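Structure record follows, encoded as structure tokens.
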Amino acid sequence: MKIGITYDLKDDYLALGYDKETCAEFDSIETINAIDSFLKGQGYQTERVGNIQALTKQLAAGKTWDLVFNIAEGLYGRGREAQVPALLDAYRIPYVFSDPLVLAFTLDKALTKRVVRDAGVPTAEFEVWPMASGQWSEKIPFPLFVKPIAEGTGKGITTKSLVQNEKELRLTAEDIHRRFGQAALDETFLPGREFTVGITGTGENAEVIAVMEIVLQNNADACGYTYENKLQYEDRVTYKLVEDKEAQKAGDVALAAWKILGCRDGGRVDIRSDAQNNPQFLEVNPLAGLHPVLGDLVILSKLADIDYATLLKRIMISALSDISRFPHPQQSVSTSYA
Ligand SMILES: Nc1ncnc2c1ncn2[C@@H]1O[C@H](COP(=O)(O)OP(=O)(O)O)[C@@H](O)[C@H]1O
Ligand SMILES: [Mg+2]
């Protein structure tokens with residue numbers, strides 16, 4: 001079986017002059033090496049395809065793969081995470097992780113919250129602070145937490161995200177508009193414990209690997225898991241697996257969200273508890289970082305005695321066992337109309 005690997009390599013974009021924050025979600029060569037050597041170790045033939053431009057050229061040249069291991073985050077547009085899988089769908093090439101629909105709408109935190117809320121999954125009250133206008137609706141009481149509507153890796157999450165009044169809300173929202181060119185999302189500030197939940201599998205076969213609590217040290221930004229806290233996690237953050245009642249509830253909330261959103265194969269759901277210690281859905285990461293040392297999903301798995309290879313094996317089993325992803329033999333006609 002020939003497996004292509006699609007990814008956005010951080011060093012490539014830094015070399016092109018993009019700044020560190022823009023490249024924060026992209027992968028390092030260690031991640032690509034680790035995935036590649038895992039797949040080779042499983043007896044697969046692998047090919048490093050690269051980003052969407054490289055993929056486009058190779059597809060146009062007639063190349064194909066039996067499966068693509070896709071961790072490309074994309075650079076431009078709200079649908080950036082969906083671009084590679086959409087292209088693969090067009091060429092009927094199966095891939096690991098979620099499909100374009102899921103990857104597009106889960107990047108938008110407000111749309112995602114609407115879907116999980118509709119299914120009865122608890123999530124904090126919120127409103128969208130659009131680019132053009134900016135009128136606080138007065139529906140949700142302060143304190144609020146303000147963040148970019150469609151970023152990840154803590155981008156745009158600072159000590160100014162926690163706001164106590166309309167003036168602070170306006171300043172932070174406008175800063176987000178300026179820096180990220182997108183709407184801001186404000187939601188009820190959740191003062192409780194924070195968890196990230198690792199999940200592998202798809203649909204009814206999805207299961208929680210473990211629930212990890214993110215404990216901020218005294219020298220950390222106190223309001224949450226900010227961009228700076230994430231960067232300096234070694235000094236500022238302690239991670240521990242937890243199994244108490246509240247943690248189990250966090251796991252249940254995360255798994256329910258994962259299923260209702262249609263996420264596939266493996267990833268993470270971020271949860272934070274409200275003032276009454278009730279875990280609330282924050283966001284889902286259907287393309288969770290897979291750095292062999294630094295990825296939160298990898299850290300969490302290791303704490304649960306699941307090593308890197310076992311984690312990736314579970315992800316691969318999920319992808320390979322989903323026959324709906326593979327073209328039906330009777331439908332396997334040429335994708336070339338030239
Ligand atoms: N409503 C909220 N109340 C309190 N903290 C929050 C809230 N929303 C986000 N945070 C904090 O900000 C961090 C990043 O938010 P999140 O939505 O997970 O975005 P990202 O995609 O950047 O990880 C969370 O891990 C949490 O610490
Ligand atoms: Mg998060």
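Residue numbers start at 1 in each chain; chains themselves are named A, B, ... in the order of the structure tokens; ligands are numbered from 1 in the order shown.
DSSP on the backbone gives strand (DSSP E) for these parts of region 114-149 of chain A: Phe126, Glu127, Val128, Trp129, Leu144, Phe145, Val146, Lys147 and Pro148 of chain A.
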Written file, previous selection with all heavy atoms, as a CSV table (one decimal), in the first residue's frame:
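Output saved as again.csv:
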chain,number,residue,atom,x,y,z
A,126,PHE,N,-22.7,32.5,23.9
A,126,PHE,CA,-21.7,33.3,23.1
A,126,PHE,C,-22.4,34.2,22.2
A,126,PHE,O,-23.6,34.1,21.9
A,126,PHE,CB,-20.8,32.3,22.3
A,126,PHE,CG,-21.6,31.6,21.3
A,126,PHE,CD1,-21.6,32.0,19.9
A,126,PHE,CD2,-22.4,30.5,21.6
A,126,PHE,CE1,-22.3,31.3,18.9
A,126,PHE,CE2,-23.1,29.8,20.6
A,126,PHE,CZ,-23.0,30.2,19.3
A,127,GLU,N,-21.6,35.1,21.6
A,127,GLU,CA,-22.1,35.9,20.5
A,127,GLU,C,-20.9,36.3,19.6
A,127,GLU,O,-19.7,36.2,20.1
A,127,GLU,CB,-22.8,37.2,21.0
A,127,GLU,CG,-21.9,38.1,21.9
A,127,GLU,CD,-22.7,39.2,22.6
A,127,GLU,OE1,-23.9,39.3,22.4
A,127,GLU,OE2,-22.1,40.0,23.3
A,128,VAL,N,-21.2,36.6,18.4
A,128,VAL,CA,-20.2,36.9,17.4
A,128,VAL,C,-20.0,38.4,17.3
A,128,VAL,O,-21.0,39.1,17.2
A,128,VAL,CB,-20.5,36.3,16.1
A,128,VAL,CG1,-19.4,36.7,15.0
A,128,VAL,CG2,-20.5,34.7,16.2
A,129,TRP,N,-18.8,38.9,17.3
A,129,TRP,CA,-18.5,40.3,17.2
A,129,TRP,C,-18.0,40.5,15.8
A,129,TRP,O,-16.8,40.3,15.5
A,129,TRP,CB,-17.5,40.6,18.3
A,129,TRP,CG,-17.2,42.1,18.5
A,129,TRP,CD1,-16.2,42.8,18.0
A,129,TRP,CD2,-17.9,42.9,19.4
A,129,TRP,NE1,-16.2,44.1,18.5
A,129,TRP,CE2,-17.2,44.2,19.4
A,129,TRP,CE3,-19.0,42.8,20.3
A,129,TRP,CZ2,-17.6,45.3,20.1
A,129,TRP,CZ3,-19.3,43.9,21.0
A,129,TRP,CH2,-18.7,45.1,20.9
A,144,LEU,N,-16.5,38.3,30.2
A,144,LEU,CA,-16.5,37.5,29.0
A,144,LEU,C,-15.1,37.1,28.6
A,144,LEU,O,-14.1,37.7,29.0
A,144,LEU,CB,-17.2,38.3,27.9
A,144,LEU,CG,-18.6,38.7,28.1
A,144,LEU,CD1,-19.1,39.7,27.0
A,144,LEU,CD2,-19.5,37.5,28.0
A,145,PHE,N,-15.0,36.1,27.7
A,145,PHE,CA,-13.7,35.7,27.2
A,145,PHE,C,-13.8,35.9,25.7
A,145,PHE,O,-14.8,35.5,25.0
A,145,PHE,CB,-13.5,34.2,27.5
A,145,PHE,CG,-12.0,33.9,27.3
A,145,PHE,CD1,-11.1,34.0,28.4
A,145,PHE,CD2,-11.5,33.4,26.1
A,145,PHE,CE1,-9.8,33.7,28.3
A,145,PHE,CE2,-10.2,33.1,26.0
A,145,PHE,CZ,-9.3,33.2,27.1
A,146,VAL,N,-12.9,36.6,25.1
A,146,VAL,CA,-12.9,37.0,23.7
A,146,VAL,C,-11.8,36.4,22.9
A,146,VAL,O,-10.6,36.5,23.4
A,146,VAL,CB,-12.8,38.6,23.5
A,146,VAL,CG1,-13.3,39.0,22.1
A,146,VAL,CG2,-13.6,39.3,24.6
A,147,LYS,N,-12.1,35.8,21.8
A,147,LYS,CA,-11.0,35.1,21.0
A,147,LYS,C,-11.4,35.2,19.5
A,147,LYS,O,-12.5,35.4,19.1
A,147,LYS,CB,-10.9,33.7,21.4
A,147,LYS,CG,-12.1,32.9,21.4
A,147,LYS,CD,-11.9,31.5,22.1
A,147,LYS,CE,-13.2,30.7,22.2
A,147,LYS,NZ,-13.1,29.5,23.0
A,148,PRO,N,-10.4,35.0,18.6
A,148,PRO,CA,-10.7,35.0,17.2
A,148,PRO,C,-11.6,33.8,16.9
A,148,PRO,O,-11.6,32.8,17.6
A,148,PRO,CB,-9.3,34.7,16.5
A,148,PRO,CG,-8.3,35.0,17.6
A,148,PRO,CD,-8.9,34.8,18.9
Closest-contact table, chain A side, partner ligand 2, 7 Å, counting only C-alpha atoms and all ligand atoms, as CSV:
residue,atom,partner,partner_atom_place_in_ligand_line,distance
A:Gly152,CA,ligand 2,1 (Mg),6.3
A:Thr153,CA,ligand 2,1 (Mg),6.3
A:Gly154,CA,ligand 2,1 (Mg),6.5
A:Asp270,CA,ligand 2,1 (Mg),5.4
A:Glu283,CA,ligand 2,1 (Mg),6.1
Grab the residues selected above and save them as a short mmCIF file (atom, residue, chain, number, x, y, z; two decimals), in the first residue's frame with all heavy atoms.
data_model
loop_
_atom_site.label_atom_id
_atom_site.label_comp_id
_atom_site.auth_asym_id
_atom_site.auth_seq_id
_atom_site.Cartn_x
_atom_site.Cartn_y
_atom_site.Cartn_z
N GLY A 152 -6.39 28.75 15.95
CA GLY A 152 -6.06 27.62 16.81
C GLY A 152 -4.74 27.88 17.49
O GLY A 152 -4.14 28.96 17.34
N THR A 153 -4.26 26.89 18.27
CA THR A 153 -2.96 26.97 18.93
C THR A 153 -2.82 28.23 19.78
O THR A 153 -1.74 28.78 19.93
CB THR A 153 -1.80 26.89 17.88
OG1 THR A 153 -2.17 25.98 16.85
CG2 THR A 153 -0.52 26.39 18.50
N GLY A 154 -3.92 28.71 20.31
CA GLY A 154 -3.85 29.87 21.20
C GLY A 154 -3.63 31.19 20.48
O GLY A 154 -3.44 32.23 21.14
N ASP A 270 -11.36 20.35 23.56
CA ASP A 270 -11.02 21.20 24.71
C ASP A 270 -12.28 21.54 25.50
O ASP A 270 -13.32 21.89 24.92
CB ASP A 270 -10.34 22.49 24.23
CG ASP A 270 -8.97 22.22 23.64
OD1 ASP A 270 -8.42 21.13 23.91
OD2 ASP A 270 -8.45 23.10 22.92
N GLU A 283 -13.97 23.77 22.13
CA GLU A 283 -13.67 23.63 20.70
C GLU A 283 -13.13 22.23 20.44
O GLU A 283 -12.71 21.53 21.37
CB GLU A 283 -12.64 24.66 20.26
CG GLU A 283 -11.33 24.52 20.99
CD GLU A 283 -10.10 24.66 20.11
OE1 GLU A 283 -10.22 24.95 18.92
OE2 GLU A 283 -9.00 24.43 20.63
#
**Message:** Considering only helix (DSSP H, G or I) as DSSP defines it on the backbone, what residues of region 15-136 of chain A qualify? List them as a VMD selection string.
**Reply:** chain A and resid 15 29 to 41 52 to 60 80 to 90 100 to 105 109 to 118
Residue neighbourhood Arg264 (chain A), 7 Å, only C-alpha atoms, exclusion window fewer than 6 positions, as a CSV table (one decimal) with N, CA and C atoms, in the first residue's frame:
chain,number,residue,atom,x,y,z
A,97,PHE,N,-8.2,11.1,8.8
A,97,PHE,CA,-8.8,12.3,9.5
A,97,PHE,C,-10.0,12.8,8.8
A,98,SER,N,-10.5,13.9,9.3
A,98,SER,CA,-11.9,14.3,8.9
A,98,SER,C,-12.0,14.8,7.5
A,201,GLY,N,-10.8,7.1,16.9
A,201,GLY,CA,-12.0,6.4,16.3
A,201,GLY,C,-13.0,7.3,15.7
A,202,THR,N,-14.0,6.7,15.1
A,202,THR,CA,-15.0,7.4,14.3
A,202,THR,C,-16.4,6.9,14.7
**Neighbourhood of ligand 1 at 9 Å, counting only C-alpha atoms and all ligand atoms, reported as a ChimeraX atom specification** = /A:107,109,123-126,144-158,161-162,186-192,194-196,214,223-227,269-274,280,282-285
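Across A:Leu261, A:Ile306, A:Ala54, A:Pro143, the tightest approach to Leu103 (chain A) is made by A:Leu261 when counting only C-alpha atoms.
For region 78-95 of chain A, the non-local neighbours within 6 Å, defined as residues at least 6 positions apart in the same chain or in other chains and counting only C-alpha atoms, are Ile52, Leu67, Val68, Phe69, Leu103, Ala104, Arg325 and Phe326 of chain A.
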Would you save the residues of that selection, restricted to N, CA, C and O atoms, as a short mmCIF file (atom, residue, chain, number, x, y, z; two decimals), in the first residue's frame?
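Contents of the output file out_32.cif:
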data_model
loop_
_atom_site.label_atom_id
_atom_site.label_comp_id
_atom_site.auth_asym_id
_atom_site.auth_seq_id
_atom_site.Cartn_x
_atom_site.Cartn_y
_atom_site.Cartn_z
N ILE A 52 -0.57 21.93 -0.28
CA ILE A 52 -1.60 21.82 -1.34
C ILE A 52 -1.03 22.14 -2.72
O ILE A 52 -1.45 21.52 -3.71
N LEU A 67 -3.78 5.74 -0.07
CA LEU A 67 -4.30 6.46 1.10
C LEU A 67 -3.39 7.66 1.33
O LEU A 67 -2.19 7.60 1.03
N VAL A 68 -3.96 8.74 1.83
CA VAL A 68 -3.12 9.90 2.19
C VAL A 68 -3.26 10.15 3.68
O VAL A 68 -4.37 10.17 4.22
N PHE A 69 -2.14 10.31 4.35
CA PHE A 69 -2.13 10.69 5.76
C PHE A 69 -2.05 12.21 5.77
O PHE A 69 -1.01 12.79 5.50
N LEU A 103 -13.82 19.66 8.59
CA LEU A 103 -12.65 20.51 8.80
C LEU A 103 -12.95 21.97 8.50
O LEU A 103 -12.34 22.86 9.08
N ALA A 104 -13.91 22.23 7.62
CA ALA A 104 -14.26 23.63 7.33
C ALA A 104 -15.07 24.22 8.48
O ALA A 104 -14.72 25.27 9.02
N ARG A 325 -14.89 5.01 2.95
CA ARG A 325 -13.90 5.96 2.47
C ARG A 325 -13.21 5.48 1.18
O ARG A 325 -12.61 6.26 0.47
N PHE A 326 -13.28 4.19 0.94
CA PHE A 326 -12.54 3.64 -0.20
C PHE A 326 -13.48 3.45 -1.39
O PHE A 326 -14.62 3.00 -1.21
#
**Prompt:** So how many Å separate CA of Gln248 (chain A) and CA of Asn277 (chain A), to one decimal?
**Reply:** 12.2 Å
Mind checking which residues fall within 6 Å of region 230-239 of chain A, counting only C-alpha atoms, ignoring those fewer than 5 positions away in the same chain, and posting them as a CSV table (one decimal) with all heavy atoms, in the first residue's frame?
chain,number,residue,atom,x,y,z
A,213,GLU,N,-5.9,17.1,32.5
A,213,GLU,CA,-6.1,18.5,33.1
A,213,GLU,C,-4.9,19.4,32.8
A,213,GLU,O,-3.8,19.0,32.9
A,213,GLU,CB,-6.4,18.4,34.6
A,213,GLU,CG,-6.8,19.8,35.1
A,213,GLU,CD,-7.4,19.7,36.5
A,213,GLU,OE1,-7.5,18.6,37.1
A,213,GLU,OE2,-7.7,20.8,37.1
A,214,ILE,N,-5.3,20.6,32.4
A,214,ILE,CA,-4.2,21.6,32.1
A,214,ILE,C,-4.2,22.5,33.4
A,214,ILE,O,-5.1,23.3,33.6
A,214,ILE,CB,-4.6,22.4,30.9
A,214,ILE,CG1,-4.4,21.5,29.7
A,214,ILE,CG2,-3.7,23.6,30.7
A,214,ILE,CD1,-5.2,21.8,28.5
A,215,VAL,N,-3.1,22.4,34.1
A,215,VAL,CA,-3.0,23.1,35.4
A,215,VAL,C,-2.0,24.3,35.2
A,215,VAL,O,-0.8,24.0,34.9
A,215,VAL,CB,-2.6,22.2,36.5
A,215,VAL,CG1,-2.6,23.0,37.9
A,215,VAL,CG2,-3.5,21.0,36.6
A,216,LEU,N,-2.5,25.5,35.3
A,216,LEU,CA,-1.6,26.7,35.1
A,216,LEU,C,-0.8,26.9,36.4
A,216,LEU,O,-1.4,27.0,37.5
A,216,LEU,CB,-2.4,27.9,34.7
A,216,LEU,CG,-3.2,27.7,33.4
A,216,LEU,CD1,-4.1,28.9,33.2
A,216,LEU,CD2,-2.3,27.5,32.2
A,217,GLN,N,0.5,27.1,36.3
A,217,GLN,CA,1.3,27.5,37.4
A,217,GLN,C,1.2,28.9,37.8
A,217,GLN,O,0.6,29.7,37.0
A,217,GLN,CB,2.8,27.2,37.1
A,217,GLN,CG,3.0,25.7,36.8
A,217,GLN,CD,2.6,24.8,37.9
A,217,GLN,OE1,3.1,24.8,39.0
A,217,GLN,NE2,1.7,23.9,37.6
A,220,ALA,N,2.1,31.6,35.2
A,220,ALA,CA,1.4,31.6,33.9
A,220,ALA,C,0.4,32.8,33.9
A,220,ALA,O,0.0,33.3,34.9
A,220,ALA,CB,0.7,30.3,33.8
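Residue nearest Asp244 (chain A) within the list A:Ala184, A:Asn205, A:Gln58, A:Met212: A:Met212 [criterion: smallest interatomic distance, only C-alpha atoms].
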**Request:** With a distance cut-off of 12 Å and only C-alpha atoms, select the neighbouring residues of Tyr13 (chain A), excluding the residue or stretch itself and same-chain residues fewer than 5 positions from it, and output the selection as a ChimeraX atom specification.
**Result:** /A:7-8,18-28,50-51,74-75
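For the choices A:Leu185, A:Phe142, A:Gly77, A:Asp305, the atom-to-atom distance to Lys167 (chain A) is smallest for A:Phe142 when using only C-alpha atoms.
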**Asked** Looking at only C-alpha atoms, which of A:Ile140, A:Ala60, A:Ile5, A:Ile199 is the one that sits closest to Tyr44 (chain A)?
**Response** A:Ile5
**Message:** Ranking A:Ile3, A:Gly262, A:Gly43, A:Ala183 by minimum distance to Lys63 (chain A) and counting only C-alpha atoms, which one comes first?
**Reply:** A:Ile3
**Message:** Which residues are close to Ala309 (chain A), i.e. within 10 Å by only C-alpha atoms, leaving aside same-chain residues fewer than 2 positions away? Reply as a ChimeraX atom specification.
**Reply:** /A:34-35,37-39,41-42,292,306-307,311-315
